[in-house]
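Dropping coords.tsv in here (TSV, C-alpha atoms):
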chain	number	residue	atom	x	y	z
A	1	MET	CA	-221.74	-9.12	-111.33
A	2	LEU	CA	-225.45	-8.84	-110.76
A	3	ILE	CA	-224.94	-7.79	-107.15
A	4	LYS	CA	-222.47	-5.11	-108.16
A	5	SER	CA	-224.69	-3.73	-110.89
A	6	ILE	CA	-227.76	-3.64	-108.67
A	7	THR	CA	-225.85	-1.76	-105.97
A	8	SER	CA	-224.87	0.80	-108.56
A	9	ILE	CA	-228.52	1.19	-109.54
A	10	PHE	CA	-229.33	2.53	-106.08
A	11	LEU	CA	-226.17	4.64	-105.87
A	12	LEU	CA	-226.73	6.13	-109.32
A	13	ALA	CA	-230.24	7.16	-108.43
A	14	ALA	CA	-229.56	8.34	-104.91
A	15	SER	CA	-228.46	11.79	-106.03
A	16	ALA	CA	-231.69	12.23	-107.93
A	17	THR	CA	-233.71	11.73	-104.78
A	18	SER	CA	-232.14	14.76	-103.14
A	19	VAL	CA	-233.60	17.07	-105.73
A	20	SER	CA	-237.23	17.95	-105.08
A	21	ALA	CA	-239.36	19.34	-107.88
A	22	LEU	CA	-242.10	20.41	-105.52
A	23	ALA	CA	-242.30	21.46	-101.89
A	24	ILE	CA	-245.03	19.72	-99.91
A	25	ASP	CA	-247.06	21.83	-97.52
A	26	ARG	CA	-247.31	19.31	-94.70
A	27	ARG	CA	-249.95	21.12	-92.68
A	28	GLN	CA	-253.67	21.03	-93.18
A	29	SER	CA	-255.49	24.34	-93.22
A	30	ALA	CA	-259.15	25.17	-92.86
A	31	PRO	CA	-260.99	26.94	-95.69
A	32	SER	CA	-260.52	30.69	-95.51
A	33	SER	CA	-263.31	33.15	-94.89
A	34	THR	CA	-263.01	34.33	-98.47
A	35	GLU	CA	-263.51	30.80	-99.73
A	36	SER	CA	-266.66	30.31	-97.70
A	37	ALA	CA	-267.93	33.75	-98.64
A	38	SER	CA	-267.63	32.99	-102.34
A	39	THR	CA	-270.21	30.21	-102.21
A	40	SER	CA	-273.16	31.06	-104.50
A	41	SER	CA	-276.58	31.56	-102.97
A	42	PRO	CA	-279.43	29.19	-103.96
A	43	THR	CA	-280.88	31.83	-106.31
A	44	ASP	CA	-277.73	32.07	-108.48
A	45	VAL	CA	-278.71	29.47	-111.08
A	46	THR	CA	-277.40	29.36	-114.65
A	47	VAL	CA	-279.71	27.65	-117.18
A	48	MET	CA	-277.79	26.28	-120.13
A	49	THR	CA	-279.37	26.35	-123.57
A	50	GLU	CA	-277.90	25.95	-127.04
A	51	SER	CA	-277.30	29.70	-127.22
A	52	THR	CA	-276.02	30.10	-123.64
A	53	SER	CA	-272.31	30.54	-123.02
A	54	SER	CA	-270.64	27.57	-121.33
A	55	THR	CA	-269.04	29.94	-118.83
A	56	PRO	CA	-271.12	30.11	-115.60
A	57	ALA	CA	-272.44	33.53	-114.57
A	58	GLY	CA	-270.08	35.51	-112.41
A	59	ILE	CA	-266.89	33.86	-113.75
A	60	ALA	CA	-264.95	35.98	-116.20
A	61	GLY	CA	-262.86	34.63	-119.02
A	62	THR	CA	-262.73	31.24	-120.68
A	63	PRO	CA	-263.07	27.92	-118.89
A	64	PRO	CA	-259.77	26.44	-117.67
A	65	VAL	CA	-258.11	23.84	-119.87
A	66	ALA	CA	-256.58	20.70	-118.42
A	67	PRO	CA	-252.77	20.75	-118.66
A	68	PRO	CA	-251.15	18.35	-121.11
A	69	PRO	CA	-249.47	15.27	-119.66
A	70	SER	CA	-245.77	15.46	-118.96
A	71	THR	CA	-243.50	14.13	-121.69
A	72	ALA	CA	-240.58	13.64	-119.32
A	73	ALA	CA	-238.79	10.34	-119.83
A	74	PRO	CA	-238.17	8.02	-116.87
A	75	SER	CA	-235.05	9.10	-114.99
A	76	ALA	CA	-232.45	7.53	-112.72
A	77	GLY	CA	-234.59	8.75	-109.83
A	78	ASP	CA	-237.55	6.85	-111.25
A	79	LEU	CA	-235.45	3.68	-111.36
A	80	PHE	CA	-234.50	4.22	-107.72
A	81	VAL	CA	-238.16	4.57	-106.71
A	82	LEU	CA	-239.24	1.56	-108.79
A	83	ASN	CA	-236.58	-0.66	-107.21
A	84	TYR	CA	-237.46	0.72	-103.78
A	85	ALA	CA	-241.09	-0.24	-104.39
A	86	LEU	CA	-240.05	-3.64	-105.75
A	87	THR	CA	-237.96	-4.32	-102.63
A	88	LEU	CA	-241.06	-3.76	-100.48
A	89	GLU	CA	-243.34	-5.77	-102.79
A	90	HIS	CA	-240.90	-8.71	-102.71
A	91	LEU	CA	-241.09	-8.58	-98.90
A	92	GLU	CA	-244.89	-8.49	-98.80
A	93	SER	CA	-245.34	-11.23	-101.40
A	94	THR	CA	-242.94	-13.56	-99.58
A	95	PHE	CA	-244.54	-12.73	-96.24
A	96	TYR	CA	-247.98	-13.86	-97.41
A	97	GLN	CA	-246.62	-16.92	-99.21
A	98	GLN	CA	-244.83	-18.13	-96.08
A	99	ALA	CA	-247.91	-17.55	-93.92
A	100	LEU	CA	-250.22	-19.36	-96.34
A	101	ASP	CA	-247.77	-22.28	-96.44
A	102	LYS	CA	-247.76	-22.39	-92.64
A	103	PHE	CA	-251.42	-21.78	-91.71
A	104	GLN	CA	-254.43	-23.66	-93.04
A	105	ALA	CA	-258.11	-22.70	-92.75
A	106	SER	CA	-258.37	-24.85	-89.62
A	107	ASP	CA	-255.61	-22.79	-87.98
A	108	PHE	CA	-257.58	-19.59	-88.62
A	109	SER	CA	-260.67	-21.20	-87.12
A	110	SER	CA	-258.77	-22.40	-84.04
A	111	ALA	CA	-257.44	-18.86	-83.55
A	112	GLY	CA	-260.99	-17.44	-83.50
A	113	PHE	CA	-261.08	-16.14	-87.07
A	114	ASP	CA	-263.48	-17.02	-89.85
A	115	PRO	CA	-261.67	-19.77	-91.79
A	116	ALA	CA	-262.67	-17.96	-95.01
A	117	LEU	CA	-260.22	-15.22	-94.00
A	118	ARG	CA	-257.46	-17.41	-95.38
A	119	ASP	CA	-259.07	-17.11	-98.82
A	120	GLN	CA	-258.92	-13.33	-98.48
A	121	PHE	CA	-255.23	-13.56	-97.68
A	122	MET	CA	-254.77	-15.65	-100.81
A	123	THR	CA	-256.29	-12.75	-102.75
A	124	VAL	CA	-254.02	-10.23	-101.02
A	125	HIS	CA	-251.01	-12.41	-101.79
A	126	SER	CA	-252.02	-12.62	-105.46
A	127	HIS	CA	-252.16	-8.80	-105.56
A	128	GLU	CA	-248.68	-8.46	-104.06
A	129	ALA	CA	-247.26	-11.09	-106.43
A	130	THR	CA	-248.83	-9.21	-109.36
A	131	HIS	CA	-247.24	-5.97	-108.12
A	132	VAL	CA	-243.86	-7.74	-108.18
A	133	THR	CA	-244.21	-8.95	-111.78
A	134	ALA	CA	-245.61	-5.60	-112.93
A	135	LEU	CA	-242.73	-3.62	-111.39
A	136	GLN	CA	-240.18	-6.06	-112.81
A	137	SER	CA	-241.75	-5.67	-116.25
A	138	VAL	CA	-241.68	-1.86	-116.08
A	139	ILE	CA	-238.06	-1.77	-114.88
A	140	ASN	CA	-236.77	-4.30	-117.41
A	141	GLY	CA	-238.78	-2.78	-120.25
A	142	THR	CA	-237.73	0.79	-119.50
A	143	PHE	CA	-234.19	0.49	-118.18
A	144	GLY	CA	-233.02	-2.87	-119.54
A	145	ALA	CA	-232.87	-6.50	-118.45
A	146	GLY	CA	-231.18	-7.20	-115.12
A	147	MET	CA	-231.94	-3.79	-113.61
A	148	ALA	CA	-234.67	-5.00	-111.23
A	149	VAL	CA	-233.60	-5.97	-107.70
A	150	PRO	CA	-234.13	-9.60	-106.63
A	151	PRO	CA	-235.86	-10.64	-103.39
A	152	CYS	CA	-234.01	-10.72	-100.07
A	153	GLU	CA	-233.99	-13.43	-97.40
A	154	TYR	CA	-236.48	-12.73	-94.65
A	155	ASN	CA	-237.21	-13.61	-91.05
A	156	PHE	CA	-240.80	-12.68	-90.27
A	157	GLY	CA	-240.92	-14.49	-86.95
A	158	PHE	CA	-244.68	-15.10	-86.80
A	159	THR	CA	-245.72	-18.19	-84.86
A	160	THR	CA	-249.47	-17.65	-84.51
A	161	VAL	CA	-252.31	-16.67	-86.82
A	162	ALA	CA	-253.07	-13.63	-84.67
A	163	GLY	CA	-249.44	-12.50	-84.89
A	164	PHE	CA	-249.47	-12.94	-88.64
A	165	VAL	CA	-252.68	-10.91	-89.02
A	166	ALA	CA	-251.32	-8.07	-86.87
A	167	THR	CA	-248.06	-7.96	-88.81
A	168	ALA	CA	-249.96	-8.02	-92.12
A	169	ALA	CA	-251.99	-4.98	-91.07
A	170	ALA	CA	-248.81	-3.10	-90.12
A	171	LEU	CA	-247.06	-4.00	-93.39
A	172	GLU	CA	-249.99	-2.86	-95.51
A	173	ARG	CA	-250.10	0.48	-93.69
A	174	THR	CA	-246.37	0.81	-94.32
A	175	GLY	CA	-246.97	0.12	-98.02
A	176	VAL	CA	-249.37	3.06	-98.24
A	177	GLN	CA	-246.89	5.33	-96.43
A	178	ALA	CA	-244.08	4.22	-98.74
A	179	TYR	CA	-245.89	4.90	-102.01
A	180	THR	CA	-247.32	8.25	-100.93
A	181	GLY	CA	-243.90	9.35	-99.69
A	182	ALA	CA	-242.05	8.27	-102.84
A	183	LEU	CA	-244.34	9.95	-105.39
A	184	LYS	CA	-242.58	13.27	-104.86
A	185	PHE	CA	-239.39	11.86	-106.34
A	186	VAL	CA	-240.93	10.39	-109.52
A	187	GLN	CA	-240.43	12.33	-112.75
A	188	SER	CA	-242.34	10.21	-115.27
A	189	ASP	CA	-246.12	10.59	-115.30
A	190	ALA	CA	-246.47	6.96	-116.38
A	191	VAL	CA	-244.53	5.80	-113.31
A	192	LYS	CA	-246.56	8.12	-111.05
A	193	THR	CA	-249.81	6.69	-112.37
A	194	ALA	CA	-248.62	3.11	-111.92
A	195	ALA	CA	-247.47	3.86	-108.36
A	196	GLY	CA	-250.79	5.55	-107.56
A	197	THR	CA	-252.79	2.55	-108.71
A	198	ILE	CA	-250.76	0.28	-106.43
A	199	ALA	CA	-250.95	2.68	-103.46
A	200	THR	CA	-254.75	2.68	-103.48
A	201	VAL	CA	-254.83	-1.12	-103.45
A	202	GLU	CA	-252.43	-1.15	-100.50
A	203	GLY	CA	-254.87	1.19	-98.75
A	204	ARG	CA	-257.74	-1.22	-99.36
A	205	HIS	CA	-255.66	-4.06	-97.95
A	206	SER	CA	-254.84	-1.97	-94.89
A	207	ALA	CA	-258.48	-1.09	-94.22
A	208	ALA	CA	-259.62	-4.69	-94.65
A	209	LEU	CA	-256.97	-6.03	-92.30
A	210	ASN	CA	-257.71	-3.39	-89.67
A	211	THR	CA	-261.26	-4.74	-89.45
A	212	VAL	CA	-259.96	-8.14	-88.33
A	213	SER	CA	-257.04	-6.89	-86.22
A	214	THR	CA	-257.54	-6.47	-82.49
A	215	THR	CA	-255.53	-5.34	-79.50
A	216	LYS	CA	-256.20	-5.36	-75.77
A	217	VAL	CA	-256.65	-2.05	-73.99
A	218	ASN	CA	-257.01	-2.33	-70.20
A	219	GLY	CA	-257.89	-5.99	-70.65
A	220	VAL	CA	-260.64	-5.30	-73.18
A	221	LEU	CA	-260.26	-6.53	-76.75
A	222	GLN	CA	-260.80	-3.74	-79.28
A	223	ASN	CA	-260.68	-3.49	-83.04
A	224	ILE	CA	-258.47	-1.13	-84.99
A	225	ASN	CA	-260.40	1.43	-87.03
A	226	PRO	CA	-260.31	0.54	-90.75
A	227	ILE	CA	-260.48	4.25	-91.63
A	228	PRO	CA	-258.26	5.79	-88.93
A	229	ALA	CA	-257.57	9.21	-90.47
A	230	PRO	CA	-258.64	11.72	-93.13
A	231	PHE	CA	-255.10	11.69	-94.58
A	232	ASP	CA	-252.49	8.96	-94.86
A	233	THR	CA	-249.01	9.74	-93.56
A	234	PRO	CA	-246.26	9.80	-96.23
A	235	LEU	CA	-242.86	8.59	-95.07
A	236	GLY	CA	-239.41	8.88	-96.63
A	237	PHE	CA	-237.08	6.12	-97.75
A	238	THR	CA	-235.13	5.74	-94.50
A	239	PRO	CA	-238.18	5.57	-92.18
A	240	ILE	CA	-239.75	2.92	-94.42
A	241	PHE	CA	-236.59	0.80	-94.54
A	242	SER	CA	-236.34	1.25	-90.75
A	243	ILE	CA	-239.78	-0.37	-90.39
A	244	ALA	CA	-238.92	-3.16	-92.86
A	245	ALA	CA	-235.38	-3.84	-91.59
A	246	PRO	CA	-236.32	-6.21	-88.72
A	247	PHE	CA	-237.88	-8.58	-91.27
A	248	ILE	CA	-234.87	-8.60	-93.63
A	249	LYS	CA	-232.22	-11.22	-92.86
A	250	SER	CA	-229.92	-10.48	-95.80
A	251	CYS	CA	-230.06	-9.12	-99.36
A	252	PRO	CA	-227.96	-9.90	-102.47
A	253	PHE	CA	-227.49	-6.15	-102.90
A	254	ALA	CA	-226.75	-3.18	-100.68
A	255	LEU	CA	-229.84	-1.44	-99.32
A	256	PRO	CA	-229.81	2.22	-100.40
A	257	VAL	CA	-230.10	3.63	-96.85
A	258	GLN	CA	-229.20	2.58	-93.33
A	259	PRO	CA	-232.19	2.22	-90.99
A	260	PHE	CA	-232.60	4.45	-87.97
A	261	PRO	CA	-232.18	2.93	-84.48
A	262	THR	CA	-235.32	1.20	-83.27
A	263	LEU	CA	-237.80	3.20	-81.21
A	264	SER	CA	-240.50	1.64	-79.06
A	265	LEU	CA	-243.04	3.04	-76.62
A	266	SER	CA	-243.86	1.83	-73.14
A	267	LYS	CA	-247.51	2.34	-74.04
A	268	PRO	CA	-248.15	2.08	-77.81
A	269	VAL	CA	-251.92	2.47	-77.40
A	270	GLY	CA	-253.56	5.34	-75.58
A	271	THR	CA	-255.17	8.70	-76.17
A	272	TYR	CA	-254.25	12.25	-77.12
A	273	SER	CA	-252.07	14.17	-74.64
A	274	ASP	CA	-250.77	10.95	-73.06
A	275	SER	CA	-247.24	11.04	-71.69
A	276	VAL	CA	-245.31	7.96	-72.87
A	277	SER	CA	-241.87	6.55	-72.16
A	278	LEU	CA	-239.49	6.18	-75.11
A	279	LEU	CA	-237.21	3.17	-75.47
A	280	PHE	CA	-234.31	3.60	-77.89
A	281	THR	CA	-230.54	3.23	-78.16
A	282	ALA	CA	-228.54	6.15	-79.50
A	283	VAL	CA	-225.21	7.86	-78.93
A	284	LEU	CA	-226.02	11.14	-77.19
A	285	THR	CA	-223.81	13.99	-76.08
A	286	GLN	CA	-223.85	15.32	-72.54
A	287	ASP	CA	-225.58	18.45	-73.82
A	288	GLN	CA	-228.34	16.36	-75.38
A	289	LEU	CA	-228.75	14.43	-72.15
A	290	ASN	CA	-228.74	17.43	-69.84
A	291	THR	CA	-230.14	20.34	-71.87
A	292	PRO	CA	-233.94	20.66	-71.80
A	293	GLY	CA	-235.34	20.65	-75.35
A	294	ALA	CA	-232.15	19.34	-76.96
A	295	LEU	CA	-234.08	16.28	-78.13
A	296	LYS	CA	-237.52	16.49	-79.69
A	297	CYS	CA	-240.36	14.04	-80.03
A	298	ALA	CA	-241.73	14.55	-83.55
A	299	VAL	CA	-245.21	13.12	-84.02
A	300	VAL	CA	-246.30	12.97	-87.67
A	301	TYR	CA	-249.92	12.46	-88.66
A	302	GLY	CA	-251.26	12.87	-92.17
A	303	LEU	CA	-249.73	16.00	-93.67
A	304	ALA	CA	-249.09	17.66	-90.30
A	305	GLN	CA	-246.84	17.11	-87.32
A	306	GLU	CA	-246.14	18.46	-83.86
A	307	ARG	CA	-243.01	18.40	-81.73
A	308	SER	CA	-242.55	18.40	-77.98
A	309	ASP	CA	-239.48	18.21	-75.77
A	310	VAL	CA	-238.09	14.82	-74.82
A	311	THR	CA	-237.74	14.92	-71.03
A	312	ILE	CA	-234.86	12.83	-69.68
A	313	THR	CA	-234.83	11.96	-65.98
A	314	THR	CA	-233.04	9.44	-63.77
A	315	ASP	CA	-234.96	6.44	-62.47
A	316	PRO	CA	-234.51	6.50	-58.66
A	317	ARG	CA	-234.68	2.71	-58.46
A	318	SER	CA	-232.39	1.62	-61.28
A	319	GLY	CA	-230.36	4.77	-61.77
A	320	GLY	CA	-230.98	4.52	-65.50
A	321	ARG	CA	-232.14	7.25	-67.82
A	322	VAL	CA	-235.87	7.58	-68.56
A	323	ALA	CA	-237.02	9.51	-71.65
A	324	THR	CA	-240.63	10.63	-72.01
A	325	CYS	CA	-242.67	12.84	-74.31
A	326	GLN	CA	-246.29	13.84	-74.78
A	327	MET	CA	-248.62	12.85	-77.62
A	328	PRO	CA	-250.22	15.92	-79.25
A	329	ALA	CA	-253.79	16.92	-78.48
A	330	GLY	CA	-253.86	18.59	-81.89
A	331	ALA	CA	-253.83	15.18	-83.61
A	332	ALA	CA	-257.50	14.60	-82.78
A	333	GLY	CA	-259.15	12.77	-85.66
A	334	PHE	CA	-256.02	10.73	-86.42
A	335	GLN	CA	-255.73	7.33	-84.81
A	336	GLU	CA	-252.31	6.26	-86.13
A	337	LEU	CA	-249.48	8.63	-85.13
A	338	MET	CA	-245.89	8.10	-86.33
A	339	VAL	CA	-243.35	8.97	-83.63
A	340	PHE	CA	-239.67	9.95	-84.12
A	341	VAL	CA	-236.93	11.21	-81.81
A	342	THR	CA	-234.87	14.03	-83.36
A	343	ASN	CA	-231.91	16.19	-82.33
A	344	ALA	CA	-233.20	19.35	-84.03
A	345	ASP	CA	-236.39	21.39	-83.81
A	346	ARG	CA	-237.59	21.07	-87.41
A	347	ASP	CA	-240.07	18.96	-89.34
A	348	VAL	CA	-239.39	15.39	-90.33
A	349	THR	CA	-240.26	15.26	-94.02
A	350	VAL	CA	-239.87	12.79	-96.88
A	351	ASP	CA	-236.76	14.66	-98.03
A	352	ASP	CA	-235.38	15.89	-94.68
A	353	ASP	CA	-234.87	13.31	-91.95
A	354	LYS	CA	-231.12	13.60	-91.26
A	355	HIS	CA	-231.89	14.85	-87.76
A	356	VAL	CA	-233.81	11.70	-86.78
A	357	ILE	CA	-231.95	9.61	-84.18
A	358	ALA	CA	-234.60	6.90	-83.62
A	359	GLY	CA	-237.89	5.73	-85.08
A	360	PRO	CA	-240.43	5.64	-86.39
A	361	THR	CA	-242.91	3.73	-84.28
A	362	THR	CA	-246.71	3.89	-84.13
A	363	PHE	CA	-248.87	5.27	-81.33
A	364	SER	CA	-252.49	4.17	-81.78
A	365	ILE	CA	-255.70	5.73	-80.51
A	366	LEU	CA	-258.59	3.27	-80.59
A	367	GLN	CA	-261.72	5.41	-80.76
A	368	ASN	CA	-264.93	5.10	-82.76
A	369	THR	CA	-263.98	1.81	-84.37
A	370	LEU	CA	-266.54	0.64	-86.91
A	371	VAL	CA	-266.45	-3.04	-85.93
A	372	LYS	CA	-266.93	-4.26	-82.38
A	373	VAL	CA	-265.70	-7.59	-81.02
A	374	ALA	CA	-266.39	-9.64	-77.94
A	375	SER	CA	-264.58	-8.68	-74.75
A	376	SER	CA	-262.96	-12.08	-74.32
Just dump the structure as structure tokens.
Amino acid sequence: MLIKSITSIFLLAASATSVSALAIDRRQSAPSSTESASTSSPTDVTVMTESTSSTPAGIAGTPPVAPPPSTAAPSAGDLFVLNYALTLEHLESTFYQQALDKFQASDFSSAGFDPALRDQFMTVHSHEATHVTALQSVINGTFGAGMAVPPCEYNFGFTTVAGFVATAAALERTGVQAYTGALKFVQSDAVKTAAGTIATVEGRHSAALNTVSTTKVNGVLQNINPIPAPFDTPLGFTPIFSIAAPFIKSCPFALPVQPFPTLSLSKPVGTYSDSVSLLFTAVLTQDQLNTPGALKCAVVYGLAQERSDVTITTDPRSGGRVATCQMPAGAAGFQELMVFVTNADRDVTVDDDKHVIAGPTTFSILQNTLVKVASS
């Protein structure tokens, strides 16, 4: 009965997620000339005294008043988002618990890490466990007992400390993307505030883990930048579940969306303008295979994205199909790019991803990292 009722929770709320209260402008824009021209010169100084108006010189009218908080009650859409967040927090909490049960401080030391790093992971795990209990409390208190989803069974597959650390960094980045993408669908201000306070902590986890995560580029060990971009990249429900799906063995409830087919890159680390091969399995029509531009490579970074044609050629040696696309030069300043393959030339957004046929996966640019490591 519990399984049936939990499934209905997601189905009930699914319709609410298709209604967007706000449209997100997903592209950054530079300040306009009028904005820069309006900057006051150093001589325009207002001295405030008891008899001076509180309105600065040059600004007509009364000072703006902060809007009152929303009085909207939590909705079915809020329940959907809360259970979505709880599903991810269950995964993270279990992930850290299993790793801490498996690896001791001596294992971290043998892997080349400071053994005290395990203590930091204990702190991160305590945060994720607290997120679980807090979300359960909000759901049960607002919507009734038994409305919070239980944990799933997982298969994380880590066998080494280094593999665990790398996966932890990826999961924390995904947590940030999940919360920032879901906020659009929340009606209650109280739920938005709670989600925001968790999202910022996930960001701190992500930055901290990037400082200890490394990858080899041309045989040289490099760190991942703990502050890789000026904006985080919000992702929708299906892309997030697509990232989490490989770790989920089974759930006692139906997941609200089906993950996209897996996408991987022949070269997941490189630089802007690189041409990379795409590895994915999808059912394609002859037109999509043979028509230039029928498939697009959508690269999302922060609040912007760029698309280029997926070029499909035949490998002369194997006779198989080879798909390639180019990473955007316009993404300079962003070092974590989210890559999708789509069958339509339009943006991939948190509320429009029906045209995605594979993805997402991450293309990393390792430049200007703040922490350097040895080359061995």
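For the pair atom CA of A:Gly112 and atom CA of A:Gln98, the interatomic distance is 20.5 Å.
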| request: Pick out the residues sitting within 7 Å of A:Thr324, and hand them over as a list in words; count all atoms listed in the file, and ignore anything fewer than 4 positions along from it in its own chain. | output: Ser275, Val276, Ser277, Leu278, Val310, Thr311 and Ile312 of chain A
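Minimum atom-to-atom distances from A:Thr197, A:Gln177, A:Ser206, A:Asn83 to A:Val149 were compared using all atoms listed in the file, and the lowest value belongs to A:Asn83.
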A straight line from atom CA of A:Arg321 to atom CA of A:Ala294 spans 15.2 Å
Checklist entry - Excluding same-chain residues fewer than 3 positions from A:Ser75, what lies within 7 Å of it counting all atoms listed in the file, as a PyMOL selection string? => result chain A and resi 78-79+187
Min atom-atom distance to A:Asp351 from the set A:Pro268, A:Gly236, A:Gly146, A:Gly293, counting all atoms listed in the file, belongs to A:Gly236
Judged by all atoms listed in the file, the minimum distance to A:Glu92 among A:Cys152, A:Ala182, A:Ala207, A:Ala195 is found for A:Cys152
Between A:Ala194, A:Gly157, A:Ser110, A:Thr361, smallest distance to A:Ala134 by only C-alpha atoms belongs to A:Ala194
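We find atom CA of A:Ala344 and atom CA of A:Gln258 to be spaced 19.6 Å apart.
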Quick one: residues within 9 Å of stretch 127-131 of chain A, only C-alpha atoms, excluding same-chain residues fewer than 6 positions away - as a PDB file with C-alpha atoms, in the frame of the given file?
ATOM      1  CA  LEU A  86    -240.050  -3.640-105.750  1.00  0.00           C
ATOM      2  CA  GLU A  89    -243.340  -5.770-102.790  1.00  0.00           C
ATOM      3  CA  HIS A  90    -240.900  -8.710-102.710  1.00  0.00           C
ATOM      4  CA  GLU A  92    -244.890  -8.490 -98.800  1.00  0.00           C
ATOM      5  CA  SER A  93    -245.340 -11.230-101.400  1.00  0.00           C
ATOM      6  CA  THR A  94    -242.940 -13.560 -99.580  1.00  0.00           C
ATOM      7  CA  TYR A  96    -247.980 -13.860 -97.410  1.00  0.00           C
ATOM      8  CA  ILE A 198    -250.760   0.280-106.430  1.00  0.00           C
ATOM      9  CA  VAL A 201    -254.830  -1.120-103.450  1.00  0.00           C
ATOM     10  CA  GLU A 202    -252.430  -1.150-100.500  1.00  0.00           C
TER      11      GLU A 202
END
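Minimum atom-to-atom distance to A:Ser213, evaluated using all atoms listed in the file, belongs to A:Leu366 out of A:Ala304, A:Leu366, A:Val124, A:Ala254.
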Among A:Ala244, A:Met147, A:Ala298, A:Ala329, A:Leu171 is approached most closely, using all atoms listed in the file, by A:Ala244
* Polymer residues at most 9 Å from A:Thr180, all atoms listed in the file, same-chain spacing of 4 or more positions, as a ChimeraX atom specification -> /A:175-176,184,195-196,199,232-235
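Residues with any atom within 8 Å of the point (-255.1, -19.9, -94.4), counting only C-alpha atoms, are Ala99, Leu100, Asp101, Lys102, Phe103, Gln104, Ala105, Ser106, Asp107, Phe108, Pro115, Ala116, Leu117, Arg118, Asp119, Phe121 and Met122 of chain A.
Neighbourhood of point (-250.1, 12.9, -76.4): residues with an atom at most 7 Å away, counting all atoms listed in the file, are Thr271, Tyr272, Ser273, Asp274, Ser275, Gln326, Met327, Pro328 and Ala329 of chain A.
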